[in-house]
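Structure data follow from structure.txt (compact mmCIF, C-alpha atoms):
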# COMPACT_ATOMS: atom_id res chain seq x y z
CA MET A 1 237.17 -98.02 -24.93
CA ALA A 2 234.37 -100.59 -24.52
CA GLU A 3 236.51 -103.53 -25.59
CA HIS A 4 238.73 -103.03 -22.54
CA LEU A 5 235.86 -102.96 -20.03
CA SER A 6 234.31 -105.95 -18.34
CA GLN A 7 230.64 -106.75 -18.93
CA SER A 8 229.83 -105.62 -15.39
CA GLU A 9 231.36 -102.20 -16.12
CA LEU A 10 229.11 -101.90 -19.17
CA ASP A 11 226.12 -102.79 -17.02
CA TYR A 12 227.04 -100.11 -14.47
CA PRO A 13 230.00 -97.69 -14.77
CA PHE A 14 231.69 -98.30 -11.39
CA LYS A 15 235.16 -97.45 -12.64
CA LEU A 16 234.08 -94.30 -14.45
CA LEU A 17 232.25 -93.08 -11.36
CA GLU A 18 235.37 -93.75 -9.30
CA TYR A 19 237.39 -91.63 -11.74
CA PHE A 20 234.78 -88.86 -11.67
CA ASN A 21 235.13 -88.68 -7.89
CA GLY A 22 238.94 -88.73 -7.93
CA PHE A 23 239.22 -84.98 -7.45
CA ARG A 24 237.05 -85.17 -4.34
CA ILE A 25 239.34 -87.75 -2.75
CA SER A 26 242.40 -85.64 -3.57
CA LYS A 27 240.82 -82.54 -2.11
CA ALA A 28 239.78 -84.40 1.06
CA ILE A 29 243.40 -85.44 1.67
CA PHE A 30 244.67 -81.96 0.78
CA SER A 31 242.19 -80.34 3.17
CA ALA A 32 243.05 -82.70 6.01
CA CYS A 33 246.73 -81.80 5.59
CA GLU A 34 246.02 -78.07 5.49
CA LEU A 35 243.86 -78.33 8.62
CA GLY A 36 246.52 -80.32 10.50
CA VAL A 37 244.41 -83.47 11.00
CA PHE A 38 247.26 -85.96 10.60
CA ASP A 39 249.64 -84.07 12.88
CA LEU A 40 246.97 -83.87 15.59
CA LEU A 41 246.13 -87.58 15.43
CA LEU A 42 249.82 -88.52 15.47
CA GLN A 43 250.50 -86.38 18.54
CA SER A 44 247.42 -87.60 20.41
CA GLN A 45 248.06 -90.24 23.05
CA LYS A 46 244.63 -91.78 22.44
CA PRO A 47 241.92 -91.97 19.74
CA MET A 48 239.91 -88.76 19.44
CA SER A 49 236.24 -88.06 18.83
CA ALA A 50 235.13 -85.64 16.11
CA VAL A 51 234.17 -83.19 18.87
CA GLU A 52 237.71 -83.27 20.29
CA VAL A 53 239.31 -82.90 16.86
CA ALA A 54 237.01 -79.98 16.04
CA GLN A 55 237.89 -78.21 19.30
CA LYS A 56 241.63 -78.64 18.74
CA LEU A 57 241.59 -77.54 15.09
CA GLY A 58 238.90 -74.86 15.35
CA THR A 59 236.52 -76.47 12.86
CA SER A 60 232.84 -77.36 12.89
CA GLU A 61 232.05 -80.72 14.48
CA ASP A 62 229.85 -81.79 11.58
CA GLY A 63 232.41 -80.81 8.94
CA ILE A 64 235.36 -82.55 10.58
CA GLU A 65 233.32 -85.70 11.24
CA ARG A 66 232.41 -85.97 7.56
CA LEU A 67 236.03 -85.39 6.54
CA LEU A 68 237.33 -87.97 9.02
CA ASP A 69 234.78 -90.52 7.77
CA VAL A 70 236.07 -90.08 4.21
CA LEU A 71 239.65 -90.60 5.44
CA VAL A 72 238.48 -93.79 7.18
CA ALA A 73 236.78 -94.98 3.97
CA ILE A 74 240.02 -94.58 1.99
CA GLU A 75 241.97 -96.27 4.82
CA ILE A 76 244.15 -93.32 5.82
CA VAL A 77 242.53 -92.99 9.27
CA ASP A 78 241.24 -95.71 11.62
CA VAL A 79 237.97 -95.58 13.58
CA GLU A 80 236.48 -97.45 16.51
CA VAL A 81 232.89 -96.87 17.62
CA VAL A 82 232.41 -97.05 21.41
CA GLN A 83 228.89 -96.73 22.80
CA GLY A 84 227.72 -94.89 19.72
CA THR A 85 230.65 -92.46 19.53
CA ALA A 86 233.31 -92.74 16.82
CA PHE A 87 236.93 -92.38 17.96
CA TYR A 88 239.54 -91.70 15.27
CA SER A 89 243.23 -92.56 15.22
CA SER A 90 246.06 -92.29 12.74
CA THR A 91 247.45 -95.12 10.60
CA ASP A 92 251.08 -96.01 9.92
CA VAL A 93 250.76 -94.67 6.37
CA ALA A 94 249.42 -91.31 7.59
CA ASN A 95 252.11 -91.07 10.26
CA LEU A 96 254.88 -91.81 7.77
CA TYR A 97 253.77 -89.75 4.76
CA LEU A 98 251.15 -87.20 5.83
CA ALA A 99 252.32 -85.85 9.18
CA LYS A 100 254.67 -82.86 8.86
CA THR A 101 257.15 -84.18 11.43
CA SER A 102 257.95 -87.44 9.61
CA PRO A 103 261.31 -87.58 7.77
CA LYS A 104 259.40 -89.03 4.79
CA SER A 105 256.57 -86.52 4.96
CA LEU A 106 254.80 -85.62 1.71
CA HIS A 107 253.06 -82.71 3.41
CA ASP A 108 254.85 -80.06 1.33
CA LEU A 109 254.08 -81.94 -1.89
CA ILE A 110 250.41 -82.07 -0.91
CA ILE A 111 250.24 -78.38 -0.03
CA TYR A 112 251.80 -77.47 -3.40
CA ASN A 113 249.33 -79.68 -5.25
CA SER A 114 246.41 -78.20 -3.34
CA GLN A 115 247.30 -74.52 -3.52
CA THR A 116 249.18 -74.27 -6.84
CA ILE A 117 248.51 -77.24 -9.13
CA TYR A 118 244.79 -77.59 -8.32
CA PRO A 119 243.96 -73.98 -9.37
CA LEU A 120 245.93 -74.47 -12.61
CA TRP A 121 243.93 -77.58 -13.45
CA ASN A 122 240.72 -75.59 -13.18
CA ASN A 123 241.85 -74.15 -16.54
CA LEU A 124 242.73 -77.47 -18.20
CA VAL A 125 240.11 -76.99 -20.95
CA ASP A 126 241.78 -73.71 -21.95
CA ALA A 127 245.24 -75.32 -21.81
CA VAL A 128 244.12 -78.06 -24.21
CA ARG A 129 242.44 -75.57 -26.56
CA GLU A 130 245.35 -73.13 -26.59
CA GLY A 131 248.26 -75.57 -26.24
CA LYS A 132 249.98 -73.48 -23.58
CA ASN A 133 250.27 -73.16 -19.81
CA GLN A 134 247.67 -71.34 -17.76
CA ASN A 135 249.89 -69.23 -15.48
CA GLU A 136 248.44 -66.00 -16.86
CA LYS A 137 244.82 -67.00 -16.39
CA THR A 138 245.44 -68.58 -12.98
CA PHE A 139 248.01 -66.25 -11.41
CA GLY A 140 248.09 -63.21 -13.71
CA LEU A 141 251.68 -63.91 -14.81
CA PRO A 142 253.05 -64.22 -18.38
CA SER A 143 252.91 -67.77 -19.72
CA GLU A 144 256.42 -67.43 -21.17
CA GLU A 145 258.06 -66.81 -17.78
CA ILE A 146 257.58 -70.21 -16.20
CA PHE A 147 259.79 -69.84 -13.16
CA SER A 148 258.68 -66.28 -12.57
CA ALA A 149 255.29 -67.89 -11.92
CA ILE A 150 256.69 -70.78 -9.87
CA TYR A 151 258.88 -68.40 -7.82
CA ARG A 152 256.40 -65.51 -7.80
CA SER A 153 256.85 -64.91 -4.06
CA GLU A 154 259.03 -66.16 -1.22
CA GLU A 155 256.07 -68.21 0.01
CA GLU A 156 255.58 -69.83 -3.41
CA MET A 157 259.31 -70.53 -3.74
CA LEU A 158 259.24 -72.30 -0.37
CA LYS A 159 256.21 -74.35 -1.44
CA PHE A 160 257.90 -75.44 -4.67
CA MET A 161 261.16 -76.26 -2.90
CA GLY A 162 259.19 -78.22 -0.32
CA LEU A 163 257.57 -80.17 -3.17
CA MET A 164 260.97 -81.01 -4.67
CA ASN A 165 262.38 -81.89 -1.26
CA SER A 166 259.49 -84.30 -0.58
CA THR A 167 259.93 -85.88 -4.02
CA TRP A 168 263.58 -86.78 -3.58
CA VAL A 169 263.23 -87.83 0.05
CA ILE A 170 261.10 -90.76 -1.16
CA ASP A 171 262.42 -91.25 -4.73
CA GLY A 172 265.99 -90.03 -4.52
CA HIS A 173 267.64 -93.27 -3.37
CA ASP A 174 266.25 -95.19 -6.34
CA ILE A 175 267.62 -92.57 -8.73
CA VAL A 176 271.16 -92.45 -7.33
CA THR A 177 271.40 -96.26 -7.14
CA ALA A 178 269.91 -96.96 -10.58
CA PHE A 179 273.48 -97.08 -11.91
CA ASP A 180 276.89 -97.45 -10.26
CA LEU A 181 278.15 -93.85 -10.00
CA THR A 182 281.26 -94.65 -7.94
CA ASN A 183 283.73 -93.47 -10.61
CA PHE A 184 282.22 -89.97 -10.84
CA LYS A 185 284.20 -88.04 -8.22
CA THR A 186 282.86 -84.54 -8.91
CA VAL A 187 279.10 -84.24 -9.29
CA ILE A 188 277.00 -81.13 -9.98
CA ASP A 189 273.23 -81.21 -9.54
CA LEU A 190 272.00 -78.54 -11.96
CA GLY A 191 268.83 -76.95 -10.61
CA GLY A 192 269.17 -79.10 -7.48
CA CYS A 193 266.80 -76.87 -5.51
CA SER A 194 266.72 -77.84 -1.81
CA GLY A 195 269.60 -80.30 -2.19
CA ALA A 196 267.54 -83.39 -1.29
CA LEU A 197 268.66 -85.48 -4.29
CA ALA A 198 272.26 -84.30 -3.90
CA ARG A 199 272.17 -85.47 -0.26
CA GLU A 200 270.97 -88.91 -1.32
CA LEU A 201 273.85 -89.15 -3.77
CA ALA A 202 276.41 -87.90 -1.23
CA LYS A 203 275.21 -90.52 1.30
CA GLU A 204 275.49 -93.32 -1.26
CA TYR A 205 278.86 -92.17 -2.66
CA PRO A 206 280.73 -90.50 0.24
CA SER A 207 283.99 -90.24 -1.72
CA SER A 208 282.35 -87.96 -4.32
CA THR A 209 282.12 -84.18 -4.04
CA VAL A 210 278.52 -83.12 -4.68
CA THR A 211 277.49 -79.54 -5.50
CA VAL A 212 274.05 -78.04 -6.10
CA LEU A 213 274.06 -75.23 -8.69
CA ASP A 214 270.92 -73.11 -8.73
CA LEU A 215 269.71 -69.52 -8.92
CA PRO A 216 270.96 -67.22 -6.11
CA ALA A 217 267.55 -66.85 -4.48
CA VAL A 218 267.03 -70.62 -4.53
CA VAL A 219 270.45 -71.32 -3.03
CA GLN A 220 269.90 -68.78 -0.26
CA THR A 221 266.47 -70.23 0.54
CA ALA A 222 267.86 -73.78 0.51
CA GLN A 223 270.62 -72.87 2.95
CA GLN A 224 268.18 -71.04 5.20
CA HIS A 225 265.32 -73.55 5.27
CA PHE A 226 266.60 -76.97 4.12
CA ALA A 227 270.19 -77.23 5.38
CA GLN A 228 271.05 -80.21 7.59
CA GLN A 229 273.61 -80.36 10.37
CA ASP A 230 275.53 -83.25 8.80
CA ASP A 231 275.48 -81.77 5.27
CA THR A 232 278.40 -82.78 3.07
CA ILE A 233 277.02 -81.17 -0.08
CA CYS A 234 277.98 -77.70 -1.34
CA PHE A 235 275.84 -74.98 -2.91
CA GLN A 236 276.89 -72.70 -5.76
CA GLU A 237 274.90 -69.79 -7.16
CA GLY A 238 274.51 -69.72 -10.92
CA ASP A 239 272.24 -69.95 -13.96
CA PHE A 240 273.04 -73.04 -16.01
CA PHE A 241 271.02 -71.77 -18.97
CA GLU A 242 272.56 -68.30 -19.18
CA GLY A 243 275.83 -68.58 -17.23
CA GLU A 244 278.87 -70.84 -17.14
CA ILE A 245 278.64 -74.49 -16.18
CA PRO A 246 281.64 -75.56 -14.05
CA PRO A 247 283.59 -78.66 -15.16
CA ALA A 248 282.66 -81.94 -13.44
CA ASP A 249 282.57 -85.72 -13.93
CA LEU A 250 278.80 -86.05 -13.66
CA TYR A 251 275.90 -83.65 -14.07
CA ILE A 252 272.43 -84.33 -12.72
CA LEU A 253 269.31 -83.01 -14.44
CA ALA A 254 266.40 -84.04 -12.23
CA ARG A 255 262.97 -82.93 -13.41
CA ILE A 256 264.55 -80.24 -15.59
CA ILE A 257 264.19 -81.54 -19.15
CA HIS A 258 260.42 -81.99 -18.87
CA ASP A 259 259.93 -78.25 -18.19
CA TRP A 260 261.23 -77.01 -21.54
CA LYS A 261 260.94 -77.35 -25.30
CA GLU A 262 263.34 -79.56 -27.24
CA GLU A 263 265.48 -76.74 -28.68
CA LYS A 264 266.25 -75.33 -25.24
CA ASN A 265 267.00 -78.78 -23.82
CA LEU A 266 269.32 -79.65 -26.70
CA LYS A 267 271.23 -76.40 -26.24
CA LEU A 268 271.62 -77.14 -22.52
CA LEU A 269 272.80 -80.72 -23.10
CA LYS A 270 275.39 -79.56 -25.65
CA LYS A 271 276.61 -77.02 -23.11
CA ILE A 272 276.91 -79.75 -20.48
CA HIS A 273 278.75 -82.01 -22.92
CA THR A 274 281.31 -79.27 -23.52
CA ALA A 275 281.86 -78.68 -19.78
CA CYS A 276 281.97 -82.38 -18.87
CA HIS A 277 285.29 -84.08 -18.14
CA PRO A 278 286.32 -86.83 -20.60
CA GLY A 279 284.72 -90.08 -19.50
CA GLY A 280 282.13 -88.19 -17.52
CA GLY A 281 278.42 -88.13 -18.09
CA VAL A 282 274.94 -86.86 -17.33
CA LEU A 283 272.28 -88.46 -15.14
CA ILE A 284 268.69 -87.53 -16.00
CA ALA A 285 265.80 -88.21 -13.63
CA GLU A 286 262.37 -88.00 -15.24
CA ALA A 287 259.10 -89.94 -15.36
CA LEU A 288 259.24 -92.06 -18.51
CA LEU A 289 256.29 -92.81 -20.79
CA PHE A 290 255.93 -96.16 -22.51
CA GLU A 291 256.84 -96.18 -26.19
CA ASN A 292 253.34 -97.43 -27.15
CA SER A 293 251.49 -94.40 -25.67
CA ARG A 294 249.62 -96.65 -23.21
CA GLY A 295 250.97 -95.27 -19.96
CA PRO A 296 252.01 -95.28 -17.24
CA THR A 297 248.86 -93.39 -16.27
CA MET A 298 250.63 -91.30 -13.64
CA VAL A 299 253.28 -90.21 -16.15
CA GLN A 300 250.61 -89.26 -18.68
CA MET A 301 249.00 -87.17 -15.94
CA PHE A 302 252.40 -85.56 -15.26
CA SER A 303 252.64 -84.70 -18.97
CA LEU A 304 249.22 -83.08 -18.89
CA ASN A 305 250.39 -81.12 -15.85
CA MET A 306 253.38 -79.88 -17.84
CA LEU A 307 250.89 -78.47 -20.33
CA VAL A 308 249.01 -76.43 -17.72
CA GLN A 309 252.16 -75.24 -15.90
CA THR A 310 255.27 -75.22 -18.14
CA GLU A 311 256.49 -75.38 -21.76
CA GLY A 312 257.47 -79.04 -21.70
CA LYS A 313 256.09 -82.57 -21.52
CA GLU A 314 257.02 -86.10 -20.47
CA HIS A 315 258.68 -88.44 -22.98
CA PRO A 316 259.48 -92.11 -23.63
CA PRO A 317 263.11 -93.34 -23.43
CA SER A 318 263.64 -93.04 -27.21
CA HIS A 319 263.22 -89.26 -27.00
CA TYR A 320 265.97 -88.92 -24.41
CA THR A 321 268.25 -91.27 -26.34
CA HIS A 322 267.80 -89.11 -29.44
CA LEU A 323 268.33 -85.87 -27.51
CA LEU A 324 271.47 -87.10 -25.72
CA THR A 325 272.99 -88.59 -28.89
CA GLU A 326 272.31 -85.33 -30.74
CA ALA A 327 274.13 -83.45 -27.96
CA GLY A 328 277.20 -85.68 -28.35
CA PHE A 329 276.70 -88.22 -25.56
CA ARG A 330 277.00 -91.99 -26.06
CA ASP A 331 276.16 -95.27 -24.30
CA VAL A 332 272.71 -94.14 -23.19
CA GLN A 333 271.30 -96.45 -20.50
CA VAL A 334 267.75 -96.40 -19.16
CA CYS A 335 266.55 -97.72 -15.80
CA ARG A 336 262.87 -97.88 -14.93
CA THR A 337 262.81 -97.79 -11.14
CA GLY A 338 259.19 -98.89 -10.74
CA LYS A 339 258.55 -95.73 -8.70
CA SER A 340 257.49 -92.23 -9.74
CA TYR A 341 260.76 -91.30 -11.48
CA ASP A 342 263.19 -93.17 -13.71
CA ALA A 343 266.88 -92.72 -14.47
CA ILE A 344 268.88 -92.25 -17.67
CA LEU A 345 272.68 -92.24 -17.77
CA ALA A 346 274.75 -91.15 -20.78
CA LEU A 347 278.52 -90.85 -21.12
CA LYS A 348 280.75 -88.36 -22.90
Show the structure stored in the file as structure tokens.
Amino acid sequence: MAEHLSQSELDYPFKLLEYFNGFRISKAIFSACELGVFDLLLQSQKPMSAVEVAQKLGTSEDGIERLLDVLVAIEIVDVEVVQGTAFYSSTDVANLYLAKTSPKSLHDLIIYNSQTIYPLWNNLVDAVREGKNQNEKTFGLPSEEIFSAIYRSEEEMLKFMGLMNSTWVIDGHDIVTAFDLTNFKTVIDLGGCSGALARELAKEYPSSTVTVLDLPAVVQTAQQHFAQQDDTICFQEGDFFEGEIPPADLYILARIIHDWKEEKNLKLLKKIHTACHPGGGVLIAEALLFENSRGPTMVQMFSLNMLVQTEGKEHPPSHYTHLLTEAGFRDVQVCRTGKSYDAILALK
């Protein structure tokens, strides 16, 4: 490790201390979202003092002032001191990504990380020792039943679907434009959850018919909570692991493969290959590791998260090429988007 650090870092561990405090920064942002800080500042017609924010949100004045000062330090909130009193206001970044009312809001993603992922990571040591997820220790649910844990209540299902919706609202366009999908006229998003990625694809390719196939409870929740007035996508209830997969030109597997072990994924891909129209294909959206095991850091963190929550892991492109070729697909293409998720296209 030392050979990669500057001499100044060896003299004093600034970077290490920054890493040590990373969880505190995350939790400060999570807490501000849960308290409604960003929504309040966005709605306010003028900068607010800590006293005013505390009154509106029902918090202590001292506590909210300290939290706001941290948000200022990490440049998510602005501050102006007038005659000894600090007045806080929102930033463009907070308005766009942290306020619930923004079309690009990451609020649901943050809430899921705070209330579901954060408790799981408290048991990371046990996950590393045991080599399995920590759903039983964290939530009292069997480690083998991954989605029974993820969908353990209607509230948890909504949180997870909100997470997925937030993900594809900001990353979906890059996935559906990574390759030219014009020739695929019938598209099925397997496990498409809220339909956010399917909507991005339908907007980009209006001549294609796009269907989300997911479990009955997920489909019903999506139609009740995430439907849009101008929706052109369809929903179909089904279980693509246990049930039939309808024929189509293109199948989407977005953040599906990384949940499961290789044998289960290979079986699914072979099943898709059989159902796929000649000349059709499969589009996979996942976060790709580098082949040399040196990153990207965020993807390596995702892979560690798969350990604490699921059966799967993140992989480099070569793994997906091998898996898809084994399932019968050809002409595997990889596109690194430069964002959180990458795209892989393979043809039948």
Name all residues at most 10 Å from Ile272 of chain A (count only C-alpha atoms; drop same-chain ones fewer than 6 positions away) and give them as a PyMOL selection string. chain A and resi 190+240+244-248+250-251+266+281-282+327-329+348
Rounded to one decimal in Å, what is the spacing between atom CA of Gly192 of chain A and atom CA of Val219 of chain A?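 Straight-line distance from atom CA of Gly192 of chain A to atom CA of Val219 of chain A works out to 9.1 Å.
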Selected residue, from A:Gln223, A:Ser60, A:Thr209, A:Gln300, that lies nearest to Ile188 of chain A when counting all atoms listed in the file: A:Thr209
Separation of atom CA of Thr186 of chain A and atom CA of Lys271 of chain A, in Å?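 Spanning atom CA of Thr186 of chain A to atom CA of Lys271 of chain A is a straight-line distance of 17.2 Å.
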So how far away is atom CA of Ser102 of chain A from atom CA of Ala222 of chain A, in Å?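 Taking atom CA of Ala222 of chain A as the start and atom CA of Ser102 of chain A as the end point, the length is 19.2 Å.
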Test item: axis-aligned box, all listed atoms of segment 84-98 of chain A, 8 Å on each side, centre and edges in Å rounded to one decimal, as lines of an AutoDock Vina configuration file:
center_x = 241.3
center_y = -91.6
center_z = 12.2
size_x = 43.2
size_y = 24.8
size_z = 31.0
Counting only C-alpha atoms, the option among A:Cys193, A:Val299, A:Leu163, A:Ile256 closest to Gln115 of chain A: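 The closest residue to Gln115 of chain A is A:Leu163.
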Determine the nearest neighbour of Leu96 of chain A from the options A:Val81, A:Val51, A:Ile170, A:Ala32, counting all atoms listed in the file. A:Ile170
Quick one: of A:Tyr97, A:Phe290, A:Phe184, A:Phe226, who's nearest to Leu347 of chain A, counting all atoms listed in the file?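 Checking each of A:Tyr97, A:Phe290, A:Phe184, A:Phe226 against Leu347 of chain A, counting all atoms listed in the file, the winner is A:Phe184.
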Quick one: everything within 9 Å of segment 41-46 of chain A, counting all atoms listed in the file, minus sequence neighbours fewer than 4 positions away in the same chain. Send it as an mmCIF file with C-alpha atoms, in the frame of the given file.
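out_7.cif, written as the output of this step:
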data_model
loop_
_atom_site.group_PDB
_atom_site.id
_atom_site.type_symbol
_atom_site.label_atom_id
_atom_site.label_comp_id
_atom_site.auth_asym_id
_atom_site.auth_seq_id
_atom_site.Cartn_x
_atom_site.Cartn_y
_atom_site.Cartn_z
ATOM 1 C CA GLY A 36 246.520 -80.320 10.500
ATOM 2 C CA VAL A 37 244.410 -83.470 11.000
ATOM 3 C CA VAL A 53 239.310 -82.900 16.860
ATOM 4 C CA VAL A 77 242.530 -92.990 9.270
ATOM 5 C CA PHE A 87 236.930 -92.380 17.960
ATOM 6 C CA TYR A 88 239.540 -91.700 15.270
ATOM 7 C CA SER A 89 243.230 -92.560 15.220
ATOM 8 C CA SER A 90 246.060 -92.290 12.740
ATOM 9 C CA THR A 91 247.450 -95.120 10.600
ATOM 10 C CA ALA A 94 249.420 -91.310 7.590
ATOM 11 C CA ASN A 95 252.110 -91.070 10.260
ATOM 12 C CA ALA A 99 252.320 -85.850 9.180
#
Using only C-alpha atoms, pick whichever of A:Phe23, A:Phe160, A:Phe179, A:Tyr118 has the shortest atom-to-atom distance to Leu345 of chain A.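 Between A:Phe23, A:Phe160, A:Phe179, A:Tyr118, the residue approaching Leu345 of chain A most closely is A:Phe179.
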Using only C-alpha atoms, find each residue of segment 255-314 of chain A with at least one atom at most 10 Å away from an atom of segment 331-339 of chain A; report its shortest atom-to-atom pair and that distance in Å (one decimal), sort the rows by chain and rising residue number, and return the result as JSON lines.
{"residue": "A:Gly281", "atom": "CA", "partner": "A:Asp331", "partner_atom": "CA", "distance": 9.7}
{"residue": "A:Val282", "atom": "CA", "partner": "A:Val332", "partner_atom": "CA", "distance": 9.6}
{"residue": "A:Leu283", "atom": "CA", "partner": "A:Gln333", "partner_atom": "CA", "distance": 9.7}
{"residue": "A:Ile284", "atom": "CA", "partner": "A:Val334", "partner_atom": "CA", "distance": 9.5}
{"residue": "A:Ala285", "atom": "CA", "partner": "A:Cys335", "partner_atom": "CA", "distance": 9.8}
{"residue": "A:Glu286", "atom": "CA", "partner": "A:Arg336", "partner_atom": "CA", "distance": 9.9}
{"residue": "A:Ala287", "atom": "CA", "partner": "A:Arg336", "partner_atom": "CA", "distance": 8.8}
{"residue": "A:Leu288", "atom": "CA", "partner": "A:Arg336", "partner_atom": "CA", "distance": 7.7}
Nearest to Leu215 of chain A among A:Met157, A:Leu10, A:Leu67, A:Ala127, with distances taken over only C-alpha atoms: which residue is it?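 Distance minimum relative to Leu215 of chain A lands on A:Met157.
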Do you know which residues are at most 9 Å from Ala54 of chain A counting all atoms listed in the file, after dropping those on the same chain fewer than 6 positions away, and could you put them as number ranges by chain? A: 60-65
May I have the residues within 9 Å of segment 313-316 of chain A as a list in words, using all atoms listed in the file and disregarding those fewer than 2 positions away in the same chain? Ile257, His258, Asp259, Trp260, Lys261, Glu286, Ala287, Leu288, Leu289, Phe290, Glu291, Asn292, Ser293, Val299, Gln300, Phe302, Ser303, Leu304, Asn305, Met306, Leu307, Thr310, Glu311, Ser318, His319 and Tyr320 of chain A
Quick one: residues within 7 Å of Ala149 of chain A, only C-alpha atoms counted, chain neighbours fewer than 4 positions away excluded, as a PDB file with C-alpha atoms, in the frame of the given file?
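And here's part-v5.pdb as it stands now:
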ATOM      1  CA  ASN A 135     249.890 -69.230 -15.480  1.00  0.00           C
ATOM      2  CA  LEU A 141     251.680 -63.910 -14.810  1.00  0.00           C
ATOM      3  CA  GLU A 145     258.060 -66.810 -17.780  1.00  0.00           C
TER       4      GLU A 145
END
